[in-house]
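This report refers to the structure that appears directly beneath it.
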Amino acid sequence: MSAHETPHLETFEEVMFFDTDAGGVVHNIAYLRFVETNRTRLAALIGLDVAGMMQRQQFPVVVRTEIDYRRSACFAERLIVRGWLDSIERARFWCRFEIVRAPNGEQLITCRQALALVQMPKAKPLRLPSAWREQWPGLIAAGRGGN
């Protein structure tokens with residue numbers, strides 16, 4: 001990934017028995033677990049790796065999730081989870097995700113999440129690193145003044 005390229009990542013999941021209901025259809029909450037795995041790895045690409053977060057005690061916290069369920073996945077299916085950094089504001093950033101079936105690319109869900117960077121243990125919201133605005137100027141939220 002080049003310096004100004006939008007951070008993005010693909011992860012892969014196989015639907016397990018515990019992800020499904022009695023009919024073998026994935027529970028709606030399981031999709032968020034798949035997104036969480038991708039988002040955690042995506043965070044490392046933008047400088048929020050787990051070891052660094054623990055050392056600094058600064059963590060990205062989900063403050064909003066928007067999800068559209070389009071199709072259902074079933075037990076034992078292989079899925080591709082795609083995630084990317086979508087926009088940057090002063091104190092929060094947005095990531096987008098989609099989950100598709102691996103064999104045919106059929107879109108199952110789309111998701112958008114807003115995250116804030118928080119200093120723990122005081123739960124104090126922080127401004128995002130200024131380097132992000134320089135590194136990804138095309139992601140600065142338009143029309144909101146970058147708030």
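Every chain in the structure tokens has a letter given in the order shown (A, B, ...), and although residue numbers restart at 1 in each chain, ligands are simply numbered from 1 in the order shown.
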Residues flagged strand (DSSP E or B) by DSSP in chain A, as number ranges by chain: A: 8-14, 20, 25-26, 58-69, 74, 78-88, 92-101, 107-119, 124-126, 140
Residues within 6 Å of stretch 28-45 of chain A, only C-alpha atoms, excluding chain neighbours under 2 positions, as a list in words: Thr11, Asp19, Gly47, Leu48 and Asp49 of chain A
Helix (DSSP H, G or I) positions in chain A, given as a PyMOL selection string: chain A and resi 17-19+28-45+50-56+130-135+137-139
Requested write-out: C-alpha atoms of the selected residues, as a PDB file, in the first residue's frame:
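Generated file (out_23.pdb):
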ATOM      1  CA  PHE A  17     -21.876 -23.991  13.622  1.00  0.00           C
ATOM      2  CA  PHE A  18     -21.963 -21.456  16.486  1.00  0.00           C
ATOM      3  CA  ASP A  19     -22.544 -18.652  13.943  1.00  0.00           C
ATOM      4  CA  ASN A  28     -27.255 -11.316  12.282  1.00  0.00           C
ATOM      5  CA  ILE A  29     -24.843 -10.626  15.157  1.00  0.00           C
ATOM      6  CA  ALA A  30     -22.245 -13.035  13.701  1.00  0.00           C
ATOM      7  CA  TYR A  31     -21.696 -10.673  10.768  1.00  0.00           C
ATOM      8  CA  LEU A  32     -20.539  -8.035  13.251  1.00  0.00           C
ATOM      9  CA  ARG A  33     -17.997 -10.487  14.659  1.00  0.00           C
ATOM     10  CA  PHE A  34     -16.658 -11.004  11.118  1.00  0.00           C
ATOM     11  CA  VAL A  35     -16.469  -7.212  10.709  1.00  0.00           C
ATOM     12  CA  GLU A  36     -14.703  -6.921  14.089  1.00  0.00           C
ATOM     13  CA  THR A  37     -11.936  -9.266  12.984  1.00  0.00           C
ATOM     14  CA  ASN A  38     -11.389  -7.288   9.792  1.00  0.00           C
ATOM     15  CA  ARG A  39     -11.573  -3.931  11.617  1.00  0.00           C
ATOM     16  CA  THR A  40      -8.977  -5.018  14.195  1.00  0.00           C
ATOM     17  CA  ARG A  41      -6.540  -5.957  11.430  1.00  0.00           C
ATOM     18  CA  LEU A  42      -7.391  -2.826   9.442  1.00  0.00           C
ATOM     19  CA  ALA A  43      -6.650  -0.728  12.550  1.00  0.00           C
ATOM     20  CA  ALA A  44      -3.121  -2.142  12.600  1.00  0.00           C
ATOM     21  CA  LEU A  45      -2.605  -0.817   9.051  1.00  0.00           C
ATOM     22  CA  VAL A  50      -2.948  -4.023  19.558  1.00  0.00           C
ATOM     23  CA  ALA A  51       0.512  -3.843  21.212  1.00  0.00           C
ATOM     24  CA  GLY A  52       0.807  -0.100  20.536  1.00  0.00           C
ATOM     25  CA  MET A  53      -2.709   0.575  21.780  1.00  0.00           C
ATOM     26  CA  MET A  54      -2.014  -1.299  25.003  1.00  0.00           C
ATOM     27  CA  GLN A  55       1.204   0.633  25.543  1.00  0.00           C
ATOM     28  CA  ARG A  56      -0.391   4.047  24.878  1.00  0.00           C
ATOM     29  CA  SER A 130      -2.719  14.916  12.610  1.00  0.00           C
ATOM     30  CA  ALA A 131      -0.533  12.624  10.499  1.00  0.00           C
ATOM     31  CA  TRP A 132      -3.702  10.896   9.279  1.00  0.00           C
ATOM     32  CA  ARG A 133      -4.932  14.116   7.657  1.00  0.00           C
ATOM     33  CA  GLU A 134      -1.583  14.464   5.883  1.00  0.00           C
ATOM     34  CA  GLN A 135      -1.333  10.806   4.935  1.00  0.00           C
ATOM     35  CA  PRO A 137      -6.032  13.970   2.575  1.00  0.00           C
ATOM     36  CA  GLY A 138      -8.681  12.535   0.253  1.00  0.00           C
ATOM     37  CA  LEU A 139     -10.478  11.009   3.248  1.00  0.00           C
TER      38      LEU A 139
END
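Residues within 9 Å of A:Cys74, counting only C-alpha atoms and excluding same-chain residues fewer than 3 positions away, are Val15, Met16, Asp19, Thr20, Gly23, Gly24, Val25, Val26 and Glu77 of chain A.
From atom CA of A:Lys124 back to atom CA of A:Pro7, the distance works out to 25.8 Å.
Atom CA of A:Phe59 sits 12.5 Å away from atom CA of A:Pro129.
Remark: for A:Phe93, the closest of the candidate residues A:Gln113, A:Thr6, A:Thr65, A:Ser72 is A:Gln113 (distances computed over only C-alpha atoms).
Among the candidates A:Ala22, A:Trp84, A:Cys111, A:Ile46, the residue lying nearest to A:Pro60 is A:Ile46 (atoms considered: only C-alpha atoms).
The space between atom CA of A:Glu89 and atom CA of A:Val61 spans 14.5 Å.
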Using only C-alpha atoms: which of A:Arg92, A:Arg82, A:Arg127, A:Arg101 has the shortest distance to A:Leu9: A:Arg82
Contact residues around A:Tyr69 with only C-alpha atoms at 7 Å, ignoring same-chain residues under 5 positions, as a PyMOL selection string: chain A and resi 108-110
Contacts of A:Val100 at 9 Å (only C-alpha atoms; same-chain gap of 4+ positions) as an MDAnalysis selection string: chainID A and resid 73 78:82 104:109
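Comparing A:Ile88, A:Glu98, A:Phe75, A:Val62 by their smallest distance to A:Glu10, the closest is A:Glu98 (using only C-alpha atoms).
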